[in-house]
Every structure is written in C-alpha cells, then in structure tokens.
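Note: the block below is upload-v8.cif and it holds mmCIF, C-alpha atoms.
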data_model
loop_
_atom_site.label_atom_id
_atom_site.label_comp_id
_atom_site.auth_asym_id
_atom_site.auth_seq_id
_atom_site.Cartn_x
_atom_site.Cartn_y
_atom_site.Cartn_z
CA LYS K 17 -22.92 18.49 47.44
CA ALA K 18 -21.31 21.90 47.74
CA THR K 19 -20.98 24.99 45.57
CA PHE K 20 -17.91 27.21 45.63
CA VAL K 21 -17.75 30.69 44.10
CA TYR K 22 -15.21 33.42 43.34
CA THR K 23 -11.80 32.22 42.18
CA VAL K 24 -12.01 28.54 43.10
CA ARG K 25 -8.91 26.36 43.08
CA VAL K 26 -8.85 22.61 43.62
CA LYS K 27 -5.49 20.89 44.09
CA GLY K 28 -5.36 17.15 43.47
CA LYS K 29 -2.60 14.56 43.30
CA ASP K 30 -2.11 14.87 39.53
CA PHE K 31 -3.87 18.17 38.72
CA ASP K 32 -4.80 21.74 39.66
CA LEU K 33 -8.27 23.02 38.72
CA GLU K 34 -9.13 26.71 38.53
CA THR K 35 -12.56 28.22 37.87
CA ASP K 36 -14.92 30.94 39.11
CA THR K 37 -17.80 28.72 40.25
CA LEU K 38 -17.63 25.01 41.08
CA MET K 39 -20.16 22.41 42.16
CA TYR K 40 -18.62 19.39 43.90
CA ASP K 41 -20.19 16.11 44.97
CA ALA K 42 -18.02 14.43 47.62
CA ASN K 43 -19.93 11.14 47.26
CA THR K 44 -19.10 10.73 43.57
CA SER K 45 -15.92 12.90 43.49
CA LEU K 46 -17.43 14.70 40.50
CA ALA K 47 -16.76 18.41 40.00
CA HIS K 48 -18.67 20.66 37.60
CA SER K 49 -17.48 24.13 36.70
CA LEU K 50 -20.29 26.62 36.00
CA GLY K 51 -18.22 28.57 33.52
CA PRO K 52 -14.70 28.65 32.06
CA ALA K 53 -12.18 26.37 33.75
CA ILE K 54 -8.47 25.56 33.53
CA VAL K 55 -6.90 22.25 34.58
CA HIS K 56 -3.12 22.00 34.93
CA SER K 57 -1.30 18.65 35.06
CA ASP K 58 2.37 17.74 34.76
CA LYS K 59 2.34 17.65 30.95
CA THR K 60 -0.84 19.36 29.79
CA THR K 61 -3.18 22.29 30.35
CA ILE K 62 -6.92 22.07 29.68
CA GLU K 63 -8.91 25.21 28.85
CA THR K 64 -12.66 24.79 28.48
CA ARG K 65 -15.96 26.63 28.74
CA ASP K 66 -17.81 23.88 30.60
CA LEU K 67 -16.05 21.13 32.57
CA TYR K 68 -17.01 17.94 34.36
CA PHE K 69 -14.05 16.46 36.24
CA ASP K 70 -13.94 13.07 37.95
CA ASN K 71 -11.45 13.24 40.81
CA LYS K 72 -11.33 9.43 41.10
CA THR K 73 -10.55 8.58 37.47
CA ASN K 74 -8.92 11.88 36.39
CA TRP K 75 -11.25 12.12 33.40
CA ALA K 76 -12.11 15.66 32.30
CA HIS K 77 -15.21 16.03 30.09
CA MET K 78 -15.03 19.25 28.07
CA LEU K 79 -18.07 20.88 26.46
CA GLY K 80 -18.06 23.88 24.14
CA PRO K 81 -14.89 25.36 22.65
CA SER K 82 -12.05 23.61 24.51
CA ARG K 83 -8.31 23.13 24.16
CA VAL K 84 -5.72 20.71 25.52
CA ILE K 85 -2.17 22.07 25.33
CA GLY K 86 0.95 19.91 25.61
CA LYS K 87 4.64 20.30 24.84
CA ASP K 88 4.41 19.68 21.08
CA MET K 89 0.67 19.16 20.79
CA THR K 90 -2.66 20.95 20.89
CA ILE K 91 -6.17 19.50 20.78
CA ASP K 92 -9.16 21.69 19.93
CA THR K 93 -12.57 20.12 20.44
CA GLN K 94 -16.25 20.94 20.91
CA ASP K 95 -17.02 17.78 22.86
CA GLY K 96 -14.14 15.77 24.26
CA GLU K 97 -12.64 13.98 27.22
CA TYR K 98 -9.08 13.94 28.50
CA ASN K 99 -7.44 11.92 31.25
CA THR K 100 -4.74 13.91 33.04
CA LYS K 101 -3.12 10.71 34.34
CA THR K 102 -3.14 8.29 31.38
CA GLU K 103 -3.01 11.11 28.75
CA ASP K 104 -5.85 9.50 26.77
CA ALA K 105 -8.21 11.75 24.79
CA ARG K 106 -11.65 10.91 23.39
CA PHE K 107 -13.67 12.93 20.88
CA ASN K 108 -17.42 13.02 20.28
CA GLY K 109 -17.61 16.22 18.22
CA PRO K 110 -15.59 18.30 15.75
CA SER K 111 -11.96 18.11 16.87
CA THR K 112 -8.49 18.99 15.59
CA ILE K 113 -5.21 17.53 16.83
CA VAL K 114 -1.90 19.19 15.94
CA ASN K 115 1.15 17.17 16.94
CA LYS K 116 4.54 18.26 15.58
CA GLY K 117 4.15 17.96 11.80
CA THR K 118 0.83 16.10 11.81
CA THR K 119 -2.70 17.58 11.79
CA ILE K 120 -5.74 15.37 12.42
CA THR K 121 -9.38 16.41 12.01
CA THR K 122 -12.20 14.15 13.17
CA ASP K 123 -15.66 13.99 14.74
CA LYS K 124 -15.11 10.81 16.73
CA GLY K 125 -12.07 8.91 17.94
CA GLU K 126 -9.34 8.39 20.49
CA TYR K 127 -5.80 9.72 20.84
CA ASN K 128 -3.03 9.16 23.38
CA THR K 129 -0.70 12.12 23.75
CA LYS K 130 2.04 9.94 25.26
CA THR K 131 2.12 7.06 22.75
CA GLU K 132 0.89 9.27 19.86
CA PHE K 133 -1.47 6.52 18.74
CA THR K 134 -4.75 7.54 17.09
CA ARG K 135 -7.94 5.59 16.37
CA LEU K 136 -10.62 7.50 14.46
CA THR K 137 -13.98 5.86 13.81
CA ARG K 138 -15.77 8.51 11.77
CA ARG K 139 -14.61 9.93 8.45
CA SER K 140 -11.40 11.76 9.31
CA THR K 141 -8.31 13.37 7.80
CA VAL K 142 -4.63 13.02 8.67
CA VAL K 143 -2.24 15.56 7.11
CA ASN K 144 1.51 15.09 7.42
CA GLY K 145 3.47 17.60 5.38
CA HIS K 146 2.56 17.09 1.73
CA ARG K 147 0.72 13.80 2.42
CA THR K 148 -3.00 13.61 3.17
CA LEU K 149 -4.93 10.49 4.19
CA ILE K 150 -8.75 10.49 4.37
CA ALA K 151 -10.86 7.47 5.34
CA ASP K 152 -14.00 6.32 7.15
CA THR K 153 -11.83 4.66 9.82
CA LEU K 154 -8.22 5.61 10.49
CA TYR K 155 -5.35 4.34 12.62
CA SER K 156 -2.16 6.35 12.96
CA ASP K 157 0.98 5.81 15.03
CA ASP K 158 3.26 8.84 14.87
CA LYS K 159 6.13 7.10 16.65
CA THR K 160 6.39 4.23 14.16
CA GLY K 161 5.11 6.20 11.16
CA CYS K 162 2.44 3.57 10.43
CA GLN K 163 -1.00 4.57 9.15
CA ALA K 164 -3.99 2.51 8.03
CA GLY K 165 -7.33 3.50 6.54
CA PHE K 166 -10.56 1.58 5.91
CA GLY K 167 -13.54 2.52 3.76
CA ASN K 168 -13.46 5.01 0.88
CA VAL K 169 -9.78 5.82 1.38
CA ILE K 170 -8.15 8.76 -0.41
CA TYR K 171 -4.38 9.17 -0.16
CA THR K 172 -2.80 12.22 -1.81
CA ASP K 173 0.87 13.13 -2.16
CA ALA K 174 0.81 16.78 -3.27
CA LYS K 175 4.60 17.04 -3.61
CA ASN K 176 5.00 14.01 -5.87
CA LYS K 177 1.64 14.65 -7.56
CA ASN K 178 -0.13 11.33 -7.18
CA GLN K 179 -3.37 10.15 -5.62
CA LEU K 180 -4.70 6.74 -4.62
CA THR K 181 -8.26 5.69 -3.78
CA CYS K 182 -9.21 2.27 -2.40
CA GLY K 183 -11.11 0.39 0.30
CA TYR K 184 -8.10 -0.43 2.47
CA PHE K 185 -4.73 1.31 2.68
CA LYS K 186 -1.70 0.99 4.91
CA TYR K 187 1.36 3.19 4.71
CA ASN K 188 4.58 3.74 6.63
CA LYS K 189 5.58 7.38 6.19
CA THR K 190 9.03 6.71 7.70
CA GLU K 191 9.90 3.94 5.23
CA GLY K 192 7.73 5.17 2.36
CA HIS K 193 6.10 1.76 1.84
CA GLY K 194 2.39 1.43 1.11
CA LEU K 195 -0.22 -1.17 0.17
CA ALA K 196 -3.71 -0.57 -1.23
CA THR K 197 -6.49 -3.04 -1.94
CA ALA K 198 -10.24 -3.51 -1.48
CA ARG K 199 -11.60 -4.16 1.97
CA PRO K 200 -11.62 -7.91 2.75
CA TRP K 201 -15.43 -7.93 3.01
CA ASP K 202 -15.93 -6.22 -0.39
CA VAL K 203 -16.92 -9.45 -2.13
CA ASP K 204 -18.45 -7.48 -5.01
CA ARG K 205 -15.00 -5.97 -5.65
CA HIS K 206 -16.05 -2.41 -4.89
CA ARG K 207 -13.36 0.11 -3.94
CA LEU K 208 -10.51 -1.68 -5.69
CA PRO K 209 -7.43 0.58 -5.79
CA PHE K 210 -7.28 3.29 -8.40
CA MET K 211 -4.16 5.44 -8.75
CA LYS K 212 -3.47 8.54 -10.78
CA ASP K 213 -0.11 10.19 -11.32
CA TYR K 214 -0.25 13.78 -12.52
CA SER K 215 3.46 14.56 -12.20
CA GLN K 216 3.93 14.46 -15.99
CA LYS K 217 2.27 16.40 -18.80
CA ASP K 218 -0.42 13.73 -19.23
CA THR K 219 -2.05 12.08 -16.23
CA LEU K 220 -1.48 8.32 -15.86
CA TYR K 221 -4.28 6.16 -14.40
CA VAL K 222 -3.70 2.67 -13.00
CA HIS K 223 -6.34 0.23 -11.76
CA GLY K 224 -5.77 -3.20 -10.21
CA ASP K 225 -6.76 -5.52 -7.38
CA THR K 226 -3.69 -4.53 -5.34
CA ILE K 227 -1.25 -1.63 -5.65
CA ARG K 228 2.03 -1.62 -3.74
CA LEU K 229 4.36 1.37 -3.33
CA GLU K 230 8.05 1.43 -2.41
CA THR K 231 10.00 4.63 -1.77
CA PHE K 232 13.77 4.99 -1.79
CA ASN K 233 15.86 7.81 -0.28
CA VAL K 234 12.80 9.01 1.67
CA ASP K 235 12.51 12.79 2.19
CA THR K 236 15.67 13.61 0.25
CA ASP K 237 16.33 15.39 -3.04
CA SER K 238 16.98 11.99 -4.67
CA THR K 239 13.70 10.32 -3.65
CA TRP K 240 12.32 7.83 -6.16
CA ARG K 241 9.52 5.24 -6.14
CA LYS K 242 8.56 1.84 -7.45
CA VAL K 243 4.92 0.98 -8.08
CA HIS K 244 3.58 -2.55 -8.47
CA ALA K 245 -0.01 -3.38 -9.45
CA TYR K 246 -1.57 -6.86 -9.68
CA PRO K 247 -3.67 -8.62 -10.87
CA HIS K 248 -6.32 -7.51 -13.43
CA VAL K 249 -4.44 -4.33 -14.24
CA ARG K 250 -5.78 -1.52 -16.45
CA VAL K 251 -3.60 1.42 -17.51
CA TYR K 252 -4.79 4.58 -19.21
CA ARG K 253 -3.09 7.70 -20.47
CA LYS K 254 -4.18 10.05 -23.23
CA ASP K 255 -1.78 8.52 -25.75
CA VAL K 256 -1.65 4.89 -24.59
CA GLN K 257 -3.84 2.25 -22.94
CA ALA K 258 -2.94 -1.22 -21.68
CA ILE K 259 -4.16 -4.30 -19.85
CA ALA K 260 -2.08 -7.01 -18.18
CA ASP K 261 -2.01 -9.37 -15.24
CA SER K 262 0.50 -7.12 -13.46
CA ILE K 263 2.76 -4.13 -13.99
CA SER K 264 5.70 -2.44 -12.34
CA GLY K 265 7.24 0.95 -12.87
CA ASN K 266 9.44 3.56 -11.25
CA THR K 267 9.82 7.31 -11.23
CA LEU K 268 13.45 7.23 -12.35
CA ASP K 269 12.76 6.49 -16.01
CA SER K 270 8.91 6.48 -16.06
CA VAL K 271 8.99 3.07 -17.79
CA LEU K 272 6.13 0.62 -17.15
CA VAL K 273 6.80 -3.11 -17.48
CA LEU K 274 3.75 -5.31 -18.19
CA TYR K 275 3.65 -9.00 -17.23
CA ARG K 276 1.54 -11.96 -18.46
CA ASP K 277 -0.62 -11.52 -21.53
CA PRO K 278 -0.17 -7.76 -21.91
CA ILE K 279 -2.00 -5.78 -24.60
CA VAL K 280 -1.05 -2.20 -25.43
CA TRP K 281 -3.02 0.23 -27.61
CA HIS K 282 -1.44 3.34 -29.08
CA GLY K 283 -3.70 5.23 -31.44
CA GLN K 284 -4.71 2.72 -34.14
CA GLN K 285 -1.93 0.31 -33.19
CA GLN K 286 -2.19 -2.76 -30.97
CA LEU K 287 0.73 -4.63 -29.45
CA LEU K 288 0.41 -8.11 -27.94
CA GLY K 289 2.96 -9.52 -25.50
#

Translate this file's structure into structure tokens.
Amino acid sequence: KATFVYTVRVKGKDFDLETDTLMYDANTSLAHSLGPAIVHSDKTTIETRDLYFDNKTNWAHMLGPSRVIGKDMTIDTQDGEYNTKTEDARFNGPSTIVNKGTTITTDKGEYNTKTEFTRLTRRSTVVNGHRTLIADTLYSDDKTGCQAGFGNVIYTDAKNKNQLTCGYFKYNKTEGHGLATARPWDVDRHRLPFMKDYSQKDTLYVHGDTIRLETFNVDTDSTWRKVHAYPHVRVYRKDVQAIADSISGNTLDSVLVLYRDPIVWHGQQQLLG
C-alpha cells in the first residue's frame, strides 16, 4: 500500500484520476481518494467528494455529493457507482439523472449511459416533458421510448390533463400507446386501473380491469387519443354514470360508446342498452 499527496494524478488505459491525496493498494488495484476527486474518461467526467476506484474493473464508487457528466447527460448522487468502460451506473442513495428531455429521480437502480436503459427498484419518478410516471419498480428505454411500471403506478399527462393509476403500466412515448392493468399476482384485484380526465369542465372517471390508450399524430397540434376499457367498466361524471362490459371513446368528439349490457344513469333517468 502507498499514499500519495499533493496534486496526485493517475493515468490509466481508459481514465485519468486527479485528487489531492490518494491511497493505492497495488495488490488489489484499489485506489481511495482522501478528499475530492475527478475522474476523466473518453465520454464522461466524475466529480466526487470521496472516491474508491478499482483499476481492474474500472468501477468508481462515489460517496457524498457526486456528479457524472456526459455529453447530454448528468447524474447527481449521494451514493453511486459508475464504470468508465461499460458506462453502467448503479445507485444506492438519492440520485437524479437528467438525459436530454428526461429526468429520473430514484434511491436505488441501474442506468446505462450508452444504451439509455434504466432499471429502478425502489419507488422512483420518470419525467419526460409533460408526462410523469411514478412506480415502485420502473423500466425505461429512452432509445425505443418504452416504459413500464409495477406496483402503485401513477401516470400523469399534464398537457392533456389526464391521470391513470394501476398496478402495472406500459407505455411507448414515441408511439403514444399504453396499457394499464392490475399486477398479475394481484389475485384480490387490488390496483385495477383507474383513469380520470380533467380536460373538460367536469372530470370524467373510468374504472375497469384493463385500460388501453392509443395516440394519433403524436406531439403535433392535431394530436388525438382513443381510450378502451374492459371488462367490468364503471364510468362516473357529475351529470352521468354508467356501467358496461367495455367502453371506447376518443378526444375528437368526447363520445363514449358502451358495449354489452350497458346501463346509463342521468339524474332520475335510467337507460338500458
């Protein structure tokens, strides 16, 4: 073991490490900075208060306020690891990832800055523009636009003024297609999807076993959506309530179509289909 002091610089095959004081164990190839450190690699820069760096595996363990800076990405963490060769990141404490138009906050998970694939295993939030996805477990692939959430999922579209809660949710932000249902192991039917649309004067609530969303003309001024819910559907609005096996509707004309044994209540009136 050796200790180096006063403006230490270590040059490796895939990195440069700079710090004021460094302890290095040649037997294990493990370096420990006794203070702030900076690690430069081809695509990223690591800034941390306390660093453990494995010269064999290229894993950097960051403790205290730390930051990983890339071309279009920053990672802020209190307890994280980053591999300067594979570009994998791991989080074991409060962390925030900002990548282009997406912001992720989590306490535990993994993220690859090259593939832009995220796996978060503690309740986390993914914000992309006006869309927010919160869940106990989250998967997100920025390159394909696919996202999936498990356990107490909350999806909010602030621009189009709708919100969906469920046990399982998958969504493709590029295509605008989504599916919500209960988690497969929820045999007691907890966390079935529940949607509310507050884009009109009166909020519309829809409940069913499965809710499917289709978006057309995504991210344009002429965007419109179709919503399908099935089975065991319940619909509520201040002026009307309904039950049916399934429903479909769209945002073009705000008309809901009810299928199989529908019943509609409007004030004192009841309509059977």

Excluding Thr122 of chain K and residues on its chain fewer than 4 positions from it, collect all residues at most 12 Å away from it, counting only C-alpha atoms, and give them as a ChimeraX atom specification.
/K:91-96,106-114,126-127,134-143,150-155

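Shortest separation to Ser45 of chain K among K:Thr19, K:Lys72, K:Leu33, K:Asn115 occurs at residue K:Lys72, atoms counted being only C-alpha atoms.
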
Please indicate the distance in Å from atom CA of His56 of chain K to atom CA of Ala105 of chain K, rounded to one decimal place.
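Taking atom CA of His56 of chain K and atom CA of Ala105 of chain K, their separation equals 15.3 Å.
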
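Interatomic distance, atom CA of Ala164 of chain K to atom CA of Arg207 of chain K: 15.4 Å.
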
Check what the PyMOL selection byres ((chain K and resi 187-191) around 10) selects in the file above and give those residues as a PyMOL selection string.
chain K and resi 144+147+149+156-165+171+185-186+192-196+228-235

When you look at Thr90 of chain K with a cut-off of 10 Å (counting all atoms listed in the file), what residues show up, excluding the ones that are within fewer than 4 positions of it in the same chain? I need them as a list in words.
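Near Thr90 of chain K, the qualifying residues are Thr60, Thr61, Ile62, Arg83, Val84, Ile85, Gly86, Thr112, Ile113, Val114, Asn115, Lys116, Thr119 and Thr129 of chain K.
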
Atom CA of Pro278 of chain K to atom CA of Val251 of chain K, distance in Å rounded to a single decimal
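Interatomic distance here is 10.7 Å.
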
The PyMOL selection byres ((chain K and resi 288) around 6) resolved against shown file, as a PyMOL selection string
chain K and resi 279+287+289

So which residues touch Gln285 of chain K within 12 Å, counting all atoms listed in the file, skipping near sequence neighbours fewer than 6 positions away, as a ChimeraX atom specification?
/K:255-258,279

The PyMOL selection byres ((chain K and resi 222) around 9) resolved against shown file, as a list in words:
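Checked against the file, the PyMOL selection byres ((chain K and resi 222) around 9) matches Pro209, Phe210, Met211, Lys212, Asp213, Leu220, Tyr221, His223, Gly224, Ile227, Ala245, Val249, Arg250, Val251 and Tyr252 of chain K.
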
Excluding Arg276 of chain K and its own-chain neighbours fewer than 3 positions away, which residues fall within 8 Å of it when counting all atoms listed in the file? Please give them as a PDB file with C-alpha atoms, in the coordinates of the input.
ATOM      1  CA  ALA K 260      -2.080  -7.010 -18.180  1.00  0.00           C
ATOM      2  CA  ASP K 261      -2.010  -9.370 -15.240  1.00  0.00           C
ATOM      3  CA  SER K 262       0.500  -7.120 -13.460  1.00  0.00           C
ATOM      4  CA  GLY K 289       2.960  -9.520 -25.500  1.00  0.00           C
TER       5      GLY K 289
END

If we count all atoms listed in the file and set the cut-off at 8 Å, which residues sit around Lys175 of chain K, ignoring sequence neighbours fewer than 2 positions away in its own chain? Please answer as a PDB file with C-alpha atoms, in the frame of the given file.
ATOM      1  CA  HIS K 146       2.560  17.090   1.730  1.00  0.00           C
ATOM      2  CA  ARG K 147       0.720  13.800   2.420  1.00  0.00           C
ATOM      3  CA  ASP K 173       0.870  13.130  -2.160  1.00  0.00           C
ATOM      4  CA  LYS K 177       1.640  14.650  -7.560  1.00  0.00           C
TER       5      LYS K 177
END

Min atom-atom distance to Tyr275 of chain K from the set K:His244, K:Asn43, K:Tyr214, K:Lys101, counting all atoms listed in the file, belongs to K:His244

From K:Asp88, K:Glu34, K:Asp237, K:Asp225, residue lying nearest Gly117 of chain K [only C-alpha atoms]:
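Of all the options, K:Asp88 lies closest to Gly117 of chain K.
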
Taking only C-alpha atoms into account, name the residue in K:Asp277, K:Glu97, K:Glu63, K:Asp36 that is nearest to Gly125 of chain K.
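The shortest atom-to-atom distance to Gly125 of chain K comes from K:Glu97.
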